[in-house]
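my_file.pdb follows (PDB, C-alpha atoms and all ligand atoms):
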ATOM      1  CA  MET A 118      17.030  -9.367  -7.610
ATOM      2  CA  LEU A 119      13.892  -7.660  -6.428
ATOM      3  CA  ARG A 120      14.261  -4.439  -4.479
ATOM      4  CA  VAL A 121      11.433  -3.184  -2.297
ATOM      5  CA  VAL A 122      11.349   0.226  -0.591
ATOM      6  CA  VAL A 123       8.692   1.052   1.975
ATOM      7  CA  LEU A 124       7.696   4.617   1.101
ATOM      8  CA  GLY A 125       5.181   4.826   3.937
ATOM      9  CA  ALA A 126       3.506   2.485   6.425
ATOM     10  CA  ALA A 127       0.646   4.565   7.817
ATOM     11  CA  ALA A 128      -3.070   4.355   7.075
ATOM     12  CA  GLY A 129      -5.149   7.250   5.764
ATOM     13  CA  GLY A 130      -4.238  10.475   7.558
ATOM     14  CA  GLY A 131      -0.661   9.377   8.287
ATOM     15  CA  VAL A 132       1.159   9.873  11.572
ATOM     16  CA  PRO A 133       0.564  12.468  12.832
ATOM     17  CA  GLN A 134      -2.810  13.154  11.236
ATOM     18  CA  TRP A 135      -3.515  16.857  10.681
ATOM     19  CA  ASN A 136      -6.523  17.056  13.013
ATOM     20  CA  CYS A 137      -5.692  14.368  15.563
ATOM     21  CA  GLY A 138      -4.714  14.747  19.188
ATOM     22  CA  CYS A 139      -4.492  11.035  20.059
ATOM     23  CA  ALA A 140      -1.530   9.743  22.076
ATOM     24  CA  VAL A 141       0.418   8.577  19.038
ATOM     25  CA  CYS A 142      -0.134  11.769  17.012
ATOM     26  CA  ARG A 143       0.788  13.992  19.969
ATOM     27  CA  GLN A 144       4.019  12.096  20.615
ATOM     28  CA  ALA A 145       4.859  12.075  16.888
ATOM     29  CA  ARG A 146       4.553  15.884  16.850
ATOM     30  CA  THR A 147       6.638  16.451  19.965
ATOM     31  CA  GLU A 148       9.187  14.224  21.703
ATOM     32  CA  HIS A 149       9.006  11.220  19.346
ATOM     33  CA  PRO A 150       9.362  12.403  15.727
ATOM     34  CA  GLU A 151      10.529   8.853  14.880
ATOM     35  CA  LEU A 152       6.852   7.866  15.113
ATOM     36  CA  GLN A 153       6.059   9.988  12.070
ATOM     37  CA  SER A 154       4.998   7.933   9.078
ATOM     38  CA  THR A 155       3.564   8.717   5.666
ATOM     39  CA  GLN A 156       0.627   6.947   4.064
ATOM     40  CA  ALA A 157       1.118   3.384   2.889
ATOM     41  CA  SER A 158       2.916   2.697  -0.375
ATOM     42  CA  ILE A 159       5.903   0.675  -1.532
ATOM     43  CA  ALA A 160       8.180   0.904  -4.566
ATOM     44  CA  ILE A 161       9.577  -2.151  -6.365
ATOM     45  CA  SER A 162      12.294  -2.683  -8.953
ATOM     46  CA  ALA A 163      13.948  -5.666 -10.629
ATOM     47  CA  ASP A 164      16.784  -3.727 -12.260
ATOM     48  CA  GLY A 165      17.373  -0.887  -9.792
ATOM     49  CA  ASP A 166      16.828   1.692 -12.561
ATOM     50  CA  HIS A 167      13.100   1.418 -13.204
ATOM     51  CA  TRP A 168      10.621   1.435 -10.336
ATOM     52  CA  PHE A 169       6.929   0.743  -9.920
ATOM     53  CA  LEU A 170       4.836   2.162  -7.120
ATOM     54  CA  ILE A 171       2.242   0.019  -5.397
ATOM     55  CA  ASN A 172      -0.411   2.650  -4.750
ATOM     56  CA  ALA A 173       0.155   6.403  -4.900
ATOM     57  CA  SER A 174      -0.486   7.965  -1.510
ATOM     58  CA  PRO A 175      -1.369  11.605  -0.852
ATOM     59  CA  ASP A 176       2.139  11.856   0.668
ATOM     60  CA  LEU A 177       3.825  10.834  -2.578
ATOM     61  CA  ARG A 178       5.641  14.128  -3.149
ATOM     62  CA  GLN A 179       7.214  13.957   0.319
ATOM     63  CA  GLN A 180       8.031  10.276  -0.180
ATOM     64  CA  LEU A 181       9.764  10.914  -3.494
ATOM     65  CA  ILE A 182      11.910  13.659  -1.986
ATOM     66  CA  ALA A 183      12.923  11.312   0.843
ATOM     67  CA  THR A 184      13.749   8.337  -1.412
ATOM     68  CA  PRO A 185      17.015   8.671  -3.410
ATOM     69  CA  GLN A 186      16.149   5.547  -5.436
ATOM     70  CA  LEU A 187      13.286   7.543  -7.004
ATOM     71  CA  HIS A 188      15.130  10.769  -7.773
ATOM     72  CA  PRO A 189      15.656  11.888 -11.399
ATOM     73  CA  LYS A 190      18.820  10.562 -12.992
ATOM     74  CA  ALA A 191      21.779  12.929 -12.661
ATOM     75  CA  GLY A 192      22.316  15.063 -15.734
ATOM     76  CA  GLU A 193      18.758  14.692 -17.062
ATOM     77  CA  LEU A 194      16.619  17.809 -17.301
ATOM     78  CA  ARG A 195      13.407  15.824 -17.026
ATOM     79  CA  HIS A 196      13.446  12.252 -15.726
ATOM     80  CA  SER A 197      11.846   9.881 -13.254
ATOM     81  CA  PRO A 198      12.762   6.255 -12.540
ATOM     82  CA  ILE A 199       9.033   5.602 -12.007
ATOM     83  CA  ALA A 200       7.700   3.515 -14.892
ATOM     84  CA  GLY A 201       4.295   2.709 -13.484
ATOM     85  CA  VAL A 202       1.841   2.638 -10.610
ATOM     86  CA  ILE A 203      -0.149  -0.433  -9.612
ATOM     87  CA  LEU A 204      -3.329   0.363  -7.690
ATOM     88  CA  THR A 205      -4.860  -2.177  -5.292
ATOM     89  CA  ASN A 206      -7.997  -0.159  -4.475
ATOM     90  CA  GLY A 207      -9.632   3.194  -5.088
ATOM     91  CA  GLU A 208      -9.289   4.740  -1.625
ATOM     92  CA  ILE A 209      -7.975   8.298  -1.357
ATOM     93  CA  ASP A 210      -4.806   7.033   0.319
ATOM     94  CA  ALA A 211      -4.103   4.776  -2.681
ATOM     95  CA  VAL A 212      -4.895   7.087  -5.620
ATOM     96  CA  ALA A 213      -4.562  10.749  -4.583
ATOM     97  CA  GLY A 214      -0.778  10.703  -5.143
ATOM     98  CA  LEU A 215      -1.391  10.295  -8.869
ATOM     99  CA  LEU A 216      -2.217  14.001  -8.896
ATOM    100  CA  SER A 217       1.359  14.709  -7.806
ATOM    101  CA  MET A 218       2.633  12.987 -10.975
ATOM    102  CA  ARG A 219       1.055  15.406 -13.422
ATOM    103  CA  GLU A 220       4.124  17.187 -14.719
ATOM    104  CA  GLY A 221       4.392  15.387 -18.028
ATOM    105  CA  TRP A 222       6.441  12.262 -17.373
ATOM    106  CA  PRO A 223       5.149   9.120 -19.099
ATOM    107  CA  PHE A 224       4.125   6.166 -16.954
ATOM    108  CA  THR A 225       1.429   3.506 -16.848
ATOM    109  CA  ILE A 226      -1.339   3.005 -14.320
ATOM    110  CA  TYR A 227      -2.332  -0.636 -13.749
ATOM    111  CA  ALA A 228      -5.622  -1.134 -11.928
ATOM    112  CA  HIS A 229      -8.763  -3.202 -11.889
ATOM    113  CA  ALA A 230     -11.558  -1.928 -14.161
ATOM    114  CA  ARG A 231     -13.537  -0.864 -11.069
ATOM    115  CA  VAL A 232     -10.727   1.378  -9.865
ATOM    116  CA  LEU A 233     -10.100   2.695 -13.394
ATOM    117  CA  SER A 234     -13.807   3.585 -13.556
ATOM    118  CA  ILE A 235     -13.373   5.774 -10.468
ATOM    119  CA  LEU A 236     -10.425   7.585 -12.074
ATOM    120  CA  LYS A 237     -12.368   7.986 -15.313
ATOM    121  CA  THR A 238     -15.442   9.509 -13.700
ATOM    122  CA  ASN A 239     -13.421  11.952 -11.578
ATOM    123  CA  SER A 240     -12.389  14.554 -14.128
ATOM    124  CA  ILE A 241      -9.541  15.875 -11.980
ATOM    125  CA  PHE A 242      -7.539  12.779 -13.002
ATOM    126  CA  ASN A 243      -7.755  13.937 -16.637
ATOM    127  CA  VAL A 244      -4.752  16.088 -15.726
ATOM    128  CA  LEU A 245      -2.832  12.857 -16.442
ATOM    129  CA  SER A 246      -3.109  13.026 -20.229
ATOM    130  CA  ASP A 247      -3.843   9.882 -22.250
ATOM    131  CA  GLU A 248      -0.766  10.669 -24.273
ATOM    132  CA  ASN A 249       1.635  10.424 -21.346
ATOM    133  CA  VAL A 250      -0.181   8.207 -18.896
ATOM    134  CA  LYS A 251      -1.569   4.898 -20.107
ATOM    135  CA  ARG A 252      -4.258   3.157 -18.067
ATOM    136  CA  ARG A 253      -4.146  -0.623 -18.250
ATOM    137  CA  PRO A 254      -6.864  -2.830 -16.744
ATOM    138  CA  ILE A 255      -5.690  -5.765 -14.670
ATOM    139  CA  GLU A 256      -7.751  -8.848 -13.908
ATOM    140  CA  VAL A 257      -8.173 -10.893 -10.780
ATOM    141  CA  ASN A 258      -6.130 -14.120 -11.007
ATOM    142  CA  GLU A 259      -4.381 -13.055 -14.216
ATOM    143  CA  ALA A 260      -0.661 -12.447 -13.844
ATOM    144  CA  PHE A 261       0.836  -9.528 -15.764
ATOM    145  CA  GLU A 262       4.286  -8.070 -16.294
ATOM    146  CA  PRO A 263       4.394  -4.283 -16.141
ATOM    147  CA  GLY A 264       6.428  -2.795 -18.965
ATOM    148  CA  LEU A 265       9.260  -0.278 -19.089
ATOM    149  CA  PRO A 266       8.868   3.050 -20.939
ATOM    150  CA  ASP A 267      10.525   1.614 -24.092
ATOM    151  CA  GLY A 268       8.099  -1.302 -24.093
ATOM    152  CA  SER A 269      10.590  -3.876 -22.849
ATOM    153  CA  PRO A 270       9.577  -6.214 -20.015
ATOM    154  CA  SER A 271      10.319  -5.204 -16.430
ATOM    155  CA  GLY A 272      11.184  -8.663 -15.151
ATOM    156  CA  ILE A 273       8.488  -8.367 -12.497
ATOM    157  CA  GLU A 274       5.460 -10.628 -12.500
ATOM    158  CA  ILE A 275       2.401  -9.483 -10.575
ATOM    159  CA  LEU A 276      -0.587 -11.661  -9.784
ATOM    160  CA  PRO A 277      -3.604  -9.736  -8.455
ATOM    161  CA  PHE A 278      -6.096 -11.692  -6.391
ATOM    162  CA  ALA A 279      -9.317 -10.754  -4.617
ATOM    163  CA  VAL A 280      -9.259 -10.409  -0.841
ATOM    164  CA  PRO A 281     -12.156  -9.778   1.547
ATOM    165  CA  GLY A 282     -12.611  -6.021   1.780
ATOM    166  CA  LYS A 283     -14.796  -3.019   1.092
ATOM    167  CA  GLY A 284     -15.155  -0.501  -1.701
ATOM    168  CA  ALA A 285     -13.797   3.007  -1.337
ATOM    169  CA  TRP A 286     -15.214   4.716   1.746
ATOM    170  CA  TYR A 287     -16.320   7.854  -0.132
ATOM    171  CA  LEU A 288     -18.519   5.675  -2.381
ATOM    172  CA  GLU A 289     -20.364   4.039   0.512
ATOM    173  CA  GLY A 290     -24.102   4.392  -0.121
ATOM    174  CA  LYS A 291     -23.362   5.957  -3.521
ATOM    175  CA  VAL A 292     -23.572   4.511  -7.012
ATOM    176  CA  HIS A 293     -20.221   2.940  -7.885
ATOM    177  CA  PRO A 294     -19.179   3.985 -11.413
ATOM    178  CA  GLY A 295     -17.878   0.449 -11.928
ATOM    179  CA  GLY A 296     -21.249  -1.195 -11.283
ATOM    180  CA  THR A 297     -22.668  -3.264  -8.449
ATOM    181  CA  ASP A 298     -20.342  -6.259  -8.604
ATOM    182  CA  GLY A 299     -17.750  -5.566  -5.881
ATOM    183  CA  ALA A 300     -15.186  -8.121  -7.079
ATOM    184  CA  GLY A 301     -11.945  -6.251  -7.675
ATOM    185  CA  ASP A 302     -12.498  -3.471  -5.138
ATOM    186  CA  THR A 303      -9.749  -4.818  -2.893
ATOM    187  CA  LEU A 304      -6.788  -6.638  -4.377
ATOM    188  CA  GLY A 305      -3.875  -8.465  -2.864
ATOM    189  CA  LEU A 306      -0.744  -8.833  -4.993
ATOM    190  CA  ARG A 307       1.818 -11.583  -5.392
ATOM    191  CA  ILE A 308       4.904  -9.828  -6.693
ATOM    192  CA  GLY A 309       7.709 -11.940  -8.129
ATOM    193  CA  ASP A 310      11.109 -11.580  -9.763
ATOM    194  CA  LYS A 311      10.945 -13.510 -13.036
ATOM    195  CA  ALA A 312      14.703 -14.131 -13.060
ATOM    196  CA  THR A 313      14.977 -15.666  -9.592
ATOM    197  CA  GLY A 314      11.414 -16.819  -8.926
ATOM    198  CA  LYS A 315      11.512 -15.048  -5.547
ATOM    199  CA  HIS A 316       8.281 -13.352  -4.555
ATOM    200  CA  PHE A 317       6.394 -11.609  -1.789
ATOM    201  CA  TYR A 318       2.819 -10.597  -0.970
ATOM    202  CA  PHE A 319       1.233  -7.179  -0.584
ATOM    203  CA  LEU A 320      -2.127  -6.864   1.200
ATOM    204  CA  ALA A 321      -2.562  -3.328   2.517
ATOM    205  CA  ALA A 322      -6.275  -3.966   3.024
ATOM    206  CA  CYS A 323      -7.860  -7.237   4.084
ATOM    207  CA  ALA A 324     -11.021  -7.726   6.127
ATOM    208  CA  SER A 325     -10.458 -11.366   7.098
ATOM    209  CA  VAL A 326      -8.058 -14.238   6.575
ATOM    210  CA  THR A 327      -9.784 -17.096   4.774
ATOM    211  CA  ASP A 328      -8.427 -20.635   4.476
ATOM    212  CA  GLU A 329      -7.855 -19.932   0.787
ATOM    213  CA  LEU A 330      -5.729 -16.913   1.641
ATOM    214  CA  LYS A 331      -3.793 -18.896   4.241
ATOM    215  CA  SER A 332      -2.849 -21.602   1.764
ATOM    216  CA  ARG A 333      -1.867 -18.950  -0.790
ATOM    217  CA  ILE A 334       0.560 -17.090   1.468
ATOM    218  CA  ALA A 335       1.910 -20.038   3.501
ATOM    219  CA  GLY A 336       5.686 -20.322   3.189
ATOM    220  CA  ALA A 337       6.159 -16.848   1.634
ATOM    221  CA  SER A 338       9.478 -15.185   2.353
ATOM    222  CA  LEU A 339       7.903 -11.766   2.920
ATOM    223  CA  ILE A 340       4.446 -10.314   3.388
ATOM    224  CA  PHE A 341       3.123  -6.799   3.866
ATOM    225  CA  PHE A 342      -0.202  -7.076   5.635
ATOM    226  CA  ASP A 343      -3.063  -4.832   6.750
ATOM    227  CA  GLY A 344      -2.227  -3.432  10.196
ATOM    228  CA  THR A 345      -4.868  -0.698  10.364
ATOM    229  CA  VAL A 346      -6.153  -1.258  13.898
ATOM    230  CA  TRP A 347      -4.989  -3.196  16.949
ATOM    231  CA  ARG A 348      -8.529  -4.029  18.003
ATOM    232  CA  ASP A 349     -11.735  -3.849  16.012
ATOM    233  CA  ASP A 350     -13.459  -1.189  18.156
ATOM    234  CA  GLU A 351     -10.319   0.878  18.633
ATOM    235  CA  LEU A 352     -11.572   4.131  17.072
ATOM    236  CA  ILE A 353     -14.827   3.977  19.019
ATOM    237  CA  ALA A 354     -13.141   3.105  22.335
ATOM    238  CA  ALA A 355     -10.692   6.006  21.907
ATOM    239  CA  GLY A 356     -13.485   8.446  21.056
ATOM    240  CA  LEU A 357     -11.922   9.075  17.636
ATOM    241  CA  GLY A 358     -14.674   7.772  15.374
ATOM    242  CA  THR A 359     -17.769   5.670  14.926
ATOM    243  CA  LYS A 360     -16.447   2.941  12.629
ATOM    244  CA  THR A 361     -15.080  -0.454  13.541
ATOM    245  CA  GLY A 362     -12.106  -1.926  11.721
ATOM    246  CA  GLN A 363     -14.459  -4.422  10.067
ATOM    247  CA  GLY A 364     -16.773  -1.565   9.083
ATOM    248  CA  MET A 365     -13.842  -0.091   7.148
ATOM    249  CA  GLY A 366     -12.857  -3.440   5.618
ATOM    250  CA  HIS A 367      -9.825  -4.010   7.858
ATOM    251  CA  ILE A 368      -8.946  -6.961  10.073
ATOM    252  CA  ALA A 369      -7.584  -6.169  13.562
ATOM    253  CA  MET A 370      -4.022  -7.104  14.515
ATOM    254  CA  SER A 371      -5.102  -8.717  17.798
ATOM    255  CA  GLY A 372      -7.810 -11.139  18.869
ATOM    256  CA  ASP A 373      -8.610 -14.768  18.102
ATOM    257  CA  HIS A 374      -9.414 -13.935  14.479
ATOM    258  CA  GLY A 375      -6.937 -11.080  14.133
ATOM    259  CA  ALA A 376      -3.997 -10.976  11.742
ATOM    260  CA  ILE A 377      -1.359 -12.027  14.295
ATOM    261  CA  ALA A 378      -3.311 -15.190  15.214
ATOM    262  CA  ALA A 379      -4.426 -15.929  11.654
ATOM    263  CA  LEU A 380      -0.938 -15.764  10.149
ATOM    264  CA  ALA A 381       0.818 -17.597  12.985
ATOM    265  CA  GLY A 382       2.211 -20.959  11.948
ATOM    266  CA  LEU A 383       2.170 -20.216   8.206
ATOM    267  CA  ASP A 384       5.969 -20.284   8.017
ATOM    268  CA  ILE A 385       6.260 -16.777   6.577
ATOM    269  CA  GLY A 386       9.828 -15.453   6.601
ATOM    270  CA  ARG A 387       9.252 -11.752   7.245
ATOM    271  CA  LYS A 388       5.931 -10.256   8.326
ATOM    272  CA  MET A 389       5.484  -6.515   8.075
ATOM    273  CA  PHE A 390       2.446  -4.518   8.999
ATOM    274  CA  LEU A 391       1.437  -1.754   6.619
ATOM    275  CA  HIS A 392      -1.434   0.744   6.530
ATOM    276  CA  ILE A 393      -1.262   1.298  10.289
ATOM    277  CA  ASN A 394      -3.720   3.832  11.662
ATOM    278  CA  ASN A 395      -2.418   6.454  14.085
ATOM    279  CA  SER A 396      -4.871   5.171  16.709
ATOM    280  CA  ASN A 397      -3.032   1.826  16.796
ATOM    281  CA  PRO A 398      -1.057   1.488  20.064
ATOM    282  CA  ALA A 399       1.349  -0.968  18.407
ATOM    283  CA  LEU A 400       2.966   2.113  16.820
ATOM    284  CA  LEU A 401       4.310   3.116  20.246
ATOM    285  CA  HIS A 402       7.740   1.525  20.622
ATOM    286  CA  ASP A 403       7.325   0.783  24.330
ATOM    287  CA  SER A 404       3.703  -0.407  24.310
ATOM    288  CA  ALA A 405       2.531  -3.865  25.400
ATOM    289  CA  GLU A 406       0.829  -4.186  22.013
ATOM    290  CA  ARG A 407       4.114  -3.543  20.185
ATOM    291  CA  GLU A 408       5.776  -6.216  22.312
ATOM    292  CA  ILE A 409       3.055  -8.760  21.486
ATOM    293  CA  ALA A 410       3.340  -8.028  17.759
ATOM    294  CA  GLU A 411       7.140  -8.244  17.764
ATOM    295  CA  ARG A 412       7.145 -11.414  19.825
ATOM    296  CA  ALA A 413       4.890 -12.935  17.166
ATOM    297  CA  GLY A 414       7.509 -12.038  14.545
ATOM    298  CA  TRP A 415       5.898  -8.879  13.137
ATOM    299  CA  GLN A 416       7.734  -5.696  12.189
ATOM    300  CA  ILE A 417       6.450  -2.176  11.745
ATOM    301  CA  PRO A 418       8.715  -0.741   9.050
ATOM    302  CA  ALA A 419      10.026   2.812   9.152
ATOM    303  CA  ASP A 420       9.561   4.924   6.013
ATOM    304  CA  GLY A 421      12.484   4.308   3.664
ATOM    305  CA  THR A 422      13.151   0.715   4.760
ATOM    306  CA  GLU A 423      14.655  -1.223   1.829
ATOM    307  CA  ILE A 424      14.406  -4.989   1.489
ATOM    308  CA  THR A 425      16.086  -7.106  -1.165
ATOM    309  CA  LEU A 426      14.737 -10.457  -2.276
TER
HETATM  310 ZN    ZN B 501      -4.030  10.279  15.998
END
Is it possible to give me this structure as structure tokens?
Amino acid sequence: MLRVVVLGAAAGGGVPQWNCGCAVCRQARTEHPELQSTQASIAISADGDHWFLINASPDLRQQLIATPQLHPKAGELRHSPIAGVILTNGEIDAVAGLLSMREGWPFTIYAHARVLSILKTNSIFNVLSDENVKRRPIEVNEAFEPGLPDGSPSGIEILPFAVPGKGAWYLEGKVHPGGTDGAGDTLGLRIGDKATGKHFYFLAACASVTDELKSRIAGASLIFFDGTVWRDDELIAAGLGTKTGQGMGHIAMSGDHGAIAALAGLDIGRKMFLHINNSNPALLHDSAEREIAERAGWQIPADGTEITL
């Protein structure tokens, strides 16, 4: 049995974002606290005792407090059920939470060599000592099974695959420590339970849906998919920024080539948006955009939502 807990569903900045006065952020601060959401991450477990995080958001400390499944075992002076962290990209909202795991508990970081190169060249991550925190490279199209602290297998098989996307925003126009070949900057994951064969997909960032991607995910029982913006020019139209969704490596929810249209008819059991920016009107429970998304079978999960496969 594979257990999945949504630790957070929001994009970088969260909801509300510290410096944002948009409609969603204002409502989240005042009359609609249920709109509040932390930055995107999920936790997975095959045995219910050992958990792996998919990305470590800057809100990780808050997420761990709010998630009983990830609390230290009763009676232990020092303990965490977290056995590892799998990183799908090197953005701040995927890696900064690692710094909140620096208090000497052993775990393993699994990431593509390009993302590991970012961690290696930023000395602040040295606070995670080699002794306690192993860093394991993962390869595109090579399945791996993350291990438990005692070296035994976790029962979870993860297949990373490349999806259309962009490198970390803060490296734009800079020299990437991992070299010029961008393959591996943005990964999607197929996450399966070895005992039952059940699996789901995790794509918190995806710039476009190719035919190859469609055939890969068709028929899946569950998918978490990039829901950053409702429309491509949303930040510009709202006066919140100068970047399009595409410019940030994110597909829009709406439109002829948006995620809702692209994934329609693929016979996917449960479709959940993740990495939703606070500018996205689909976050508002009574918006027309929310209605369109829900009518198309999409859910926007609340923090703490648990799903069992
Ligand atoms: Zn906002």
- Query: For the file shown, what are the residues hit by the PyMOL selection byres (((chain A and resi 183-188) around 8) and not hetatm), laid out as an MDAnalysis selection string?
  - Reply: chainID A and resid 124 165 168 179:182 189:190 197:199 421
- Message: Neighbouring residues of Glu208 in chain A were defined as those with any atom within 8 Å, considering all atoms listed in the file; residues of the same chain fewer than 3 positions away were excluded. Please report them as a PyMOL selection string.
- Response: chain A and resi 211-212+284-287
How close does each residue of chain A get to ligand ZN 501 (chain B), giving the shortest atom pair and distance in Å to one decimal for every residue with an atom at most 8 Å away, counting only C-alpha atoms and all ligand atoms, sorted by chain and residue number, as a Markdown table?
| residue | atom | partner | partner_atom | distance |
| --- | --- | --- | --- | --- |
| A:Val132 | CA | B:ZN501 | ZN | 6.8 |
| A:Pro133 | CA | B:ZN501 | ZN | 6.0 |
| A:Gln134 | CA | B:ZN501 | ZN | 5.7 |
| A:Asn136 | CA | B:ZN501 | ZN | 7.8 |
| A:Cys137 | CA | B:ZN501 | ZN | 4.4 |
| A:Gly138 | CA | B:ZN501 | ZN | 5.5 |
| A:Cys139 | CA | B:ZN501 | ZN | 4.2 |
| A:Ala140 | CA | B:ZN501 | ZN | 6.6 |
| A:Val141 | CA | B:ZN501 | ZN | 5.7 |
| A:Cys142 | CA | B:ZN501 | ZN | 4.3 |
| A:Arg143 | CA | B:ZN501 | ZN | 7.3 |
| A:Asn394 | CA | B:ZN501 | ZN | 7.8 |
| A:Asn395 | CA | B:ZN501 | ZN | 4.6 |
| A:Ser396 | CA | B:ZN501 | ZN | 5.2 |
- Item | For Leu152 in chain A, the nearest of the candidates A:Leu194, A:Leu306, A:Ala335, A:Ile417, counting all atoms listed in the file |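 Among the listed residues, A:Ile417 lies closest to Leu152 in chain A.
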- Item | For Ile308 in chain A: contacts at 10 Å, all atoms listed in the file, fewer than 2 positions along chain excluded, given as a ChimeraX atom specification | /A:119,161,260-262,273-277,305-306,310-311,314-319
- Message: Just the number, please: distance in Å from CA of Thr303 in chain A to CA of Ala126 in chain A, one decimal.
- Response: 17.8 Å
- Message: Ranking A:Gln144, A:Thr205, A:Thr422, A:Ser240 by minimum distance to Leu170 in chain A and counting only C-alpha atoms, which one comes first?
- Response: A:Thr205
- Resolved residues for the PyMOL selection byres (((chain A and resi 391) around 12) and not hetatm) as an MDAnalysis selection string: chainID A and resid 123:129 131 154:159 318:323 340:346 367 370 376 388:390 392:395 397 399:400 415:420
Centre and size of axis-aligned box enclosing range 224-242 of chain A plus 6 Å each side, as JSON:
{"center_x": -5.7, "center_y": 6.3, "center_z": -13.4, "size_x": 31.6, "size_y": 31.1, "size_z": 19.1}
- Message: Expand the PyMOL selection byres (((chain A and resi 228-230) around 8) and not hetatm) into the explicit residue set it covers here, and present it as number ranges by chain.
- Response: A: 203-206, 226-227, 231-234, 252-257, 295, 301-302
With C-alpha atoms retained, could you export that selection as a short mmCIF file (atom, residue, chain, number, x, y, z; two decimals), in the coordinates of the input?
data_model
loop_
_atom_site.label_atom_id
_atom_site.label_comp_id
_atom_site.auth_asym_id
_atom_site.auth_seq_id
_atom_site.Cartn_x
_atom_site.Cartn_y
_atom_site.Cartn_z
CA ILE A 203 -0.15 -0.43 -9.61
CA LEU A 204 -3.33 0.36 -7.69
CA THR A 205 -4.86 -2.18 -5.29
CA ASN A 206 -8.00 -0.16 -4.47
CA ILE A 226 -1.34 3.00 -14.32
CA TYR A 227 -2.33 -0.64 -13.75
CA ARG A 231 -13.54 -0.86 -11.07
CA VAL A 232 -10.73 1.38 -9.86
CA LEU A 233 -10.10 2.70 -13.39
CA SER A 234 -13.81 3.58 -13.56
CA ARG A 252 -4.26 3.16 -18.07
CA ARG A 253 -4.15 -0.62 -18.25
CA PRO A 254 -6.86 -2.83 -16.74
CA ILE A 255 -5.69 -5.76 -14.67
CA GLU A 256 -7.75 -8.85 -13.91
CA VAL A 257 -8.17 -10.89 -10.78
CA GLY A 295 -17.88 0.45 -11.93
CA GLY A 301 -11.94 -6.25 -7.68
CA ASP A 302 -12.50 -3.47 -5.14
#
- Task: Return the single residue from A:Leu265, A:Leu215, A:Leu357, A:Val292 that is closest to Thr238 in chain A, with distances computed using all atoms listed in the file.
- Result: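 Among A:Leu265, A:Leu215, A:Leu357, A:Val292, it is A:Val292 that comes nearest to Thr238 in chain A.
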- Message: as a ChimeraX atom specification, please: the residues near Ser338 in chain A (cut-off 7 Å, all atoms listed in the file, same-chain neighbours under 4 positions excluded).
- Response: /A:317,385-387
Long-range neighbours of Ile424 in chain A as a CSV table (one decimal) with C-alpha atoms, keeping the file's coordinate frame, 8 Å cut-off, all atoms listed in the file, 3 positions minimum in chain:
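Generated output (out_35.csv):
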chain,number,residue,atom,x,y,z
A,120,ARG,CA,14.3,-4.4,-4.5
A,121,VAL,CA,11.4,-3.2,-2.3
A,122,VAL,CA,11.3,0.2,-0.6
- Query: Which distance in Å separates CA of Glu408 in chain A and CA of Leu339 in chain A, to one decimal?
  - Reply: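 These atoms are spaced 20.3 Å apart.
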- Message: When you count all atoms listed in the file, which of these residues is closest to Thr313 in chain A: A:Gly358, A:Ser271, A:Asn172, A:Ala163?
- Response: A:Ala163
- Task: Calculate how many Å separate CA of Asn239 in chain A from CA of His196 in chain A, rounding to one decimal.
- Result: 27.2 Å
- Message: Measuring between all atoms listed in the file, which one of A:Glu406, A:Asp328, A:Asp298, A:Glu289 shows the shortest distance to Trp347 in chain A?
- Response: A:Glu406
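The nearest approach to Trp135 in chain A among the residues A:Leu380, A:Gly366, A:Pro281, A:Gln153, with only C-alpha atoms taken into account, belongs to A:Gln153.
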